[in-house]
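Here's the structure, in structure tokens; my notes come after.
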Amino acid sequence: MANPPQDKGTSHEATPIPPFDALSKYVSPPTNDQEQWWHHTGSLLGRMLQSAQYPLDQQYQYLKFFEGQVSPRLGPYPSRFRSNVTVSGDPVELSVNYQQRGGTRPIVRIGFEAMDSYSGSKIDPFNQLPASDVIRGLSRLELKGFDPHLFAYFGFRHTLTKEETDRLADPELAGRTLLRSQYGFGLDLKNGSVVVKGYTFPGLKTVASGQSISELVTDSISQLSQPKASCADAWETVKGYMAETSSFNQFHVWSWDYVDPSLSRLKFYSVSNEFTWRKVEEVWTVNKLLAADPVNIEGLKYLRQLWDIIQPSDSERKVIEDRPAYIREHETPLLWNYEMTPGSPIPYAKPYFSMHGINDLACVENLARFFEVAGLKDLAASYPGIVKAYFPEHDLAKTSHLVMWVSYAYSEKTGIYLSVYYHSSGDVPVSSRA
């Protein structure tokens, strides 16, 4: 039997509609602010999920999660309260994590600070109230392993009471409140679920109470610790290093996992004006304490290669709280955290390198070179095109505000663990262009 004639004209197969575009036909945010966050940040999230090759059903799932649980918590657009979760002051930042080993696909993450119309007003001068709404919303979702216990535990010990808030109205103390945020959230969109991390900014508490950050963290860990699942020994190591290098300040951030407290990692973030390889190596080895550890040595080798490729120049950098969304190179200090795991006496460092003010195309091409060095050849070849697709309305050769941070960690299990953070709202001034 003869085959039926074939249509040689234009194909009738429709081009698949990206999940964000499909959802946008039916999503109707109740306020203009939520609509703007959905349009500007949700669209970028959709492109990230697509480029990371999330299954189609998970792309829809995570976009609906963002629309239902995140964009309603971001407050006015553009934001009126200056958040400390980003350098630009925006309350949200998207990032993508890449791992050298394990064959895992990239993981898309959301970092944000909950906001409301009253954030920063006399009702809530340090933006503490909206965080509880996030916890209530996440608790209703019955996320796998989610446990909100540590929100109340660390919130009580690290954030301001009503009396302390009133005390900070005193002009003498008000001049020392360089950071104003109290809570933050991190969301890893992973394995069809959401892994939630919590953050506090305890610097304000130390100003209002007179307690040192060292005492505050030590007290909160000692009351939490369980004999077989303690981070106390690792914290003593961190505390000793911070003390001997005179590194304590009011810019520290504290973090935990929203899981059973006995399983939660704890993280202590710090900054330094000294943006030099000497300081990076000191942080990585905990001032040579881990200099003989084989995993630390291997991680340091790749870290040095990353440093040489992105070519930051040694410099002294000021910690500036009131900065614009666009900033010049050399204006952001060195940032890092020490991760402490229950039962382990060893803290592991993760440095963050600022890409602010550096040409975005140069950043992307340098990171592609590092992926090549790390043996991630397919990612190295595709990465520049991936980032260009994230920002279709921008020419990366003419911008310097889209690639925000690069963080680096290393473990025996994952090998290189590198995350790239991106500017995640459309509210960027023209003068940010290089």
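Each chain in the structure tokens gets a letter, A, B and so on, in the order shown; residues start at 1 in every chain, and ligands are counted from 1 in the order they appear.
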Each residue of segment 270-314 of chain A with at least one atom at most 8 Å from segment 406-423 of chain A should appear once, together with its nearest atom pair and the corresponding distance in Å (one decimal); atoms considered: only C-alpha atoms; ordering: chain, then increasing residue number; output as JSON lines.
{"residue": "A:Val295", "atom": "CA", "partner": "A:Glu412", "partner_atom": "CA", "distance": 6.4}
{"residue": "A:Asn296", "atom": "CA", "partner": "A:Tyr410", "partner_atom": "CA", "distance": 7.7}
{"residue": "A:Gly299", "atom": "CA", "partner": "A:Tyr410", "partner_atom": "CA", "distance": 5.3}
{"residue": "A:Tyr302", "atom": "CA", "partner": "A:Ile416", "partner_atom": "CA", "distance": 7.8}
{"residue": "A:Leu303", "atom": "CA", "partner": "A:Tyr408", "partner_atom": "CA", "distance": 7.3}
Store the residues of this selection in a file with N, CA and C atoms, as a PDB file, in the first residue's frame.
ATOM      1  N   VAL A 295      41.666  16.854  52.419  1.00  0.00           N
ATOM      2  CA  VAL A 295      40.529  17.452  51.711  1.00  0.00           C
ATOM      3  C   VAL A 295      40.682  18.965  51.656  1.00  0.00           C
ATOM      4  N   ASN A 296      41.130  19.562  52.753  1.00  0.00           N
ATOM      5  CA  ASN A 296      41.346  21.005  52.775  1.00  0.00           C
ATOM      6  C   ASN A 296      42.421  21.410  51.774  1.00  0.00           C
ATOM      7  N   GLY A 299      40.958  21.158  48.258  1.00  0.00           N
ATOM      8  CA  GLY A 299      40.041  22.273  48.047  1.00  0.00           C
ATOM      9  C   GLY A 299      40.767  23.585  47.869  1.00  0.00           C
ATOM     10  N   TYR A 302      42.048  24.078  44.193  1.00  0.00           N
ATOM     11  CA  TYR A 302      41.038  24.588  43.261  1.00  0.00           C
ATOM     12  C   TYR A 302      40.645  26.025  43.593  1.00  0.00           C
ATOM     13  N   LEU A 303      40.615  26.351  44.885  1.00  0.00           N
ATOM     14  CA  LEU A 303      40.273  27.713  45.292  1.00  0.00           C
ATOM     15  C   LEU A 303      41.290  28.705  44.740  1.00  0.00           C
TER      16      LEU A 303
END
DSSP on the backbone: which residues in segment 137-195 of chain A end up as helix (DSSP H, G or I)? Give the answer as a compact mmCIF listing (two decimals) with N, CA and C atoms, in the first residue's frame.
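For reference, result19.txt as written:
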# COMPACT_ATOMS: atom_id res chain seq x y z
N GLY A 137 3.13 29.77 56.42
CA GLY A 137 2.84 29.28 55.07
C GLY A 137 3.59 28.01 54.74
N LEU A 138 4.87 27.95 55.09
CA LEU A 138 5.66 26.75 54.81
C LEU A 138 5.18 25.56 55.64
N SER A 139 4.76 25.81 56.86
CA SER A 139 4.28 24.72 57.72
C SER A 139 3.04 24.06 57.13
N ARG A 140 2.21 24.82 56.48
CA ARG A 140 0.98 24.25 55.89
C ARG A 140 1.28 23.35 54.69
N HIS A 149 11.10 24.50 64.47
CA HIS A 149 11.47 24.72 65.87
C HIS A 149 12.56 25.79 66.03
N LEU A 150 13.58 25.75 65.19
CA LEU A 150 14.72 26.65 65.38
C LEU A 150 14.40 28.10 65.03
N PHE A 151 13.30 28.34 64.33
CA PHE A 151 12.90 29.73 64.07
C PHE A 151 12.64 30.45 65.38
N ALA A 152 11.84 29.85 66.24
CA ALA A 152 11.55 30.47 67.53
C ALA A 152 12.78 30.45 68.43
N TYR A 153 13.54 29.36 68.36
CA TYR A 153 14.70 29.22 69.25
C TYR A 153 15.73 30.32 68.99
N PHE A 154 16.18 30.44 67.74
CA PHE A 154 17.20 31.45 67.45
C PHE A 154 16.60 32.85 67.36
N GLY A 155 15.35 32.94 66.93
CA GLY A 155 14.72 34.25 66.89
C GLY A 155 14.68 34.90 68.25
N PHE A 156 14.34 34.13 69.27
CA PHE A 156 14.27 34.65 70.64
C PHE A 156 15.65 35.11 71.12
N ARG A 157 16.69 34.37 70.74
CA ARG A 157 18.04 34.65 71.26
C ARG A 157 18.84 35.64 70.41
N HIS A 158 18.46 35.83 69.14
CA HIS A 158 19.28 36.64 68.24
C HIS A 158 18.62 37.93 67.77
N LYS A 162 10.93 44.00 72.20
CA LYS A 162 10.30 45.33 72.11
C LYS A 162 11.12 46.35 72.89
N GLU A 163 11.59 45.98 74.06
CA GLU A 163 12.38 46.91 74.87
C GLU A 163 13.70 47.27 74.18
N GLU A 164 14.33 46.30 73.54
CA GLU A 164 15.59 46.58 72.83
C GLU A 164 15.35 47.45 71.61
N THR A 165 14.24 47.22 70.93
CA THR A 165 13.89 48.07 69.79
C THR A 165 13.73 49.52 70.23
N ASP A 166 13.02 49.72 71.33
CA ASP A 166 12.84 51.08 71.86
C ASP A 166 14.18 51.69 72.26
N ARG A 167 15.07 50.87 72.80
CA ARG A 167 16.37 51.36 73.23
C ARG A 167 17.19 51.88 72.06
N PRO A 171 19.69 58.22 70.15
CA PRO A 171 20.60 58.68 69.08
C PRO A 171 21.99 58.07 69.15
N GLU A 172 22.49 57.86 70.37
CA GLU A 172 23.84 57.31 70.51
C GLU A 172 23.91 55.88 69.98
N LEU A 173 22.86 55.08 70.25
CA LEU A 173 22.84 53.70 69.76
C LEU A 173 22.41 53.64 68.30
N ALA A 174 21.50 54.53 67.90
CA ALA A 174 20.99 54.51 66.53
C ALA A 174 22.12 54.66 65.51
With a distance cut-off of 6 Å and only C-alpha atoms, select the neighbouring residues of segment 64-77 of chain A, excluding the residue or stretch itself and same-chain residues fewer than 5 positions from it, and output the selection as JSON, numbers by chain.
-> {"A": [33, 34, 37, 114, 115, 116, 117]}
Write down as a VMD selection string the residues belonging to segment 160-370 of chain A that are assigned strand (DSSP E) by DSSP computed on the backbone.
-> chain A and resid 183 to 190 193 to 200 253 to 257 266 to 272 274 to 275 315 to 316 334 to 340 348 to 354
Deliver the residues from the most recent selection as a file, using C-alpha atoms, as a PDB file, in the first residue's frame.
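Result file follows (out.pdb):
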ATOM      1  CA  TYR A 183      15.539  37.468  59.469  1.00  0.00           C
ATOM      2  CA  GLY A 184      16.227  35.846  56.118  1.00  0.00           C
ATOM      3  CA  PHE A 185      15.275  32.628  54.319  1.00  0.00           C
ATOM      4  CA  GLY A 186      17.040  30.334  51.878  1.00  0.00           C
ATOM      5  CA  LEU A 187      15.184  27.837  49.686  1.00  0.00           C
ATOM      6  CA  ASP A 188      16.888  25.031  47.756  1.00  0.00           C
ATOM      7  CA  LEU A 189      14.582  23.708  45.026  1.00  0.00           C
ATOM      8  CA  LYS A 190      15.718  20.124  45.235  1.00  0.00           C
ATOM      9  CA  SER A 193      10.700  19.414  47.417  1.00  0.00           C
ATOM     10  CA  VAL A 194      12.010  22.568  49.076  1.00  0.00           C
ATOM     11  CA  VAL A 195      14.898  22.562  51.549  1.00  0.00           C
ATOM     12  CA  VAL A 196      14.557  25.574  53.851  1.00  0.00           C
ATOM     13  CA  LYS A 197      17.342  27.461  55.630  1.00  0.00           C
ATOM     14  CA  GLY A 198      16.978  30.220  58.197  1.00  0.00           C
ATOM     15  CA  TYR A 199      19.071  33.307  58.905  1.00  0.00           C
ATOM     16  CA  THR A 200      19.316  35.871  61.677  1.00  0.00           C
ATOM     17  CA  VAL A 253      24.936  36.462  60.089  1.00  0.00           C
ATOM     18  CA  TRP A 254      23.796  33.180  61.651  1.00  0.00           C
ATOM     19  CA  SER A 255      22.167  30.313  59.768  1.00  0.00           C
ATOM     20  CA  TRP A 256      20.538  26.928  60.372  1.00  0.00           C
ATOM     21  CA  ASP A 257      18.497  24.278  58.568  1.00  0.00           C
ATOM     22  CA  LEU A 266      24.889  25.760  61.793  1.00  0.00           C
ATOM     23  CA  LYS A 267      26.688  28.508  59.878  1.00  0.00           C
ATOM     24  CA  PHE A 268      28.466  31.629  61.040  1.00  0.00           C
ATOM     25  CA  TYR A 269      29.025  34.373  58.454  1.00  0.00           C
ATOM     26  CA  SER A 270      31.664  37.057  58.694  1.00  0.00           C
ATOM     27  CA  VAL A 271      33.269  39.796  56.596  1.00  0.00           C
ATOM     28  CA  SER A 272      36.718  41.322  56.324  1.00  0.00           C
ATOM     29  CA  GLU A 274      41.089  42.642  53.709  1.00  0.00           C
ATOM     30  CA  PHE A 275      40.328  41.263  50.257  1.00  0.00           C
ATOM     31  CA  SER A 315      42.854  45.507  48.369  1.00  0.00           C
ATOM     32  CA  GLU A 316      41.353  46.962  51.507  1.00  0.00           C
ATOM     33  CA  LEU A 334      35.447  39.484  51.574  1.00  0.00           C
ATOM     34  CA  LEU A 335      32.547  37.405  52.877  1.00  0.00           C
ATOM     35  CA  TRP A 336      32.668  33.835  54.170  1.00  0.00           C
ATOM     36  CA  ASN A 337      30.887  31.370  56.394  1.00  0.00           C
ATOM     37  CA  TYR A 338      31.994  28.491  58.563  1.00  0.00           C
ATOM     38  CA  GLU A 339      29.707  25.474  58.371  1.00  0.00           C
ATOM     39  CA  MET A 340      29.420  23.362  61.514  1.00  0.00           C
ATOM     40  CA  TYR A 348      34.486  24.144  56.952  1.00  0.00           C
ATOM     41  CA  ALA A 349      34.839  27.476  55.175  1.00  0.00           C
ATOM     42  CA  LYS A 350      32.922  28.832  52.206  1.00  0.00           C
ATOM     43  CA  PRO A 351      34.292  32.138  50.848  1.00  0.00           C
ATOM     44  CA  TYR A 352      32.166  34.468  48.722  1.00  0.00           C
ATOM     45  CA  PHE A 353      33.793  36.623  46.059  1.00  0.00           C
ATOM     46  CA  SER A 354      32.064  39.797  44.953  1.00  0.00           C
TER      47      SER A 354
END
A:Pro345, A:Pro29, A:Gly357, A:Pro333 ranked by distance to Leu402 of chain A, top pick (using only C-alpha atoms) | A:Gly357
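Take atom CA of Gly375 of chain A and atom CA of Trp307 of chain A: the distance between them is 16.9 Å.
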Provide the atom CA of Pro261 of chain A to atom CA of Gln226 of chain A distance in Å, to one decimal place.
-> 9.2 Å
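Among the candidate residues A:Gln250, A:Ser382, A:Thr399, A:Gln100, the one lying nearest to His356 of chain A is A:Thr399, with distances computed using only C-alpha atoms.
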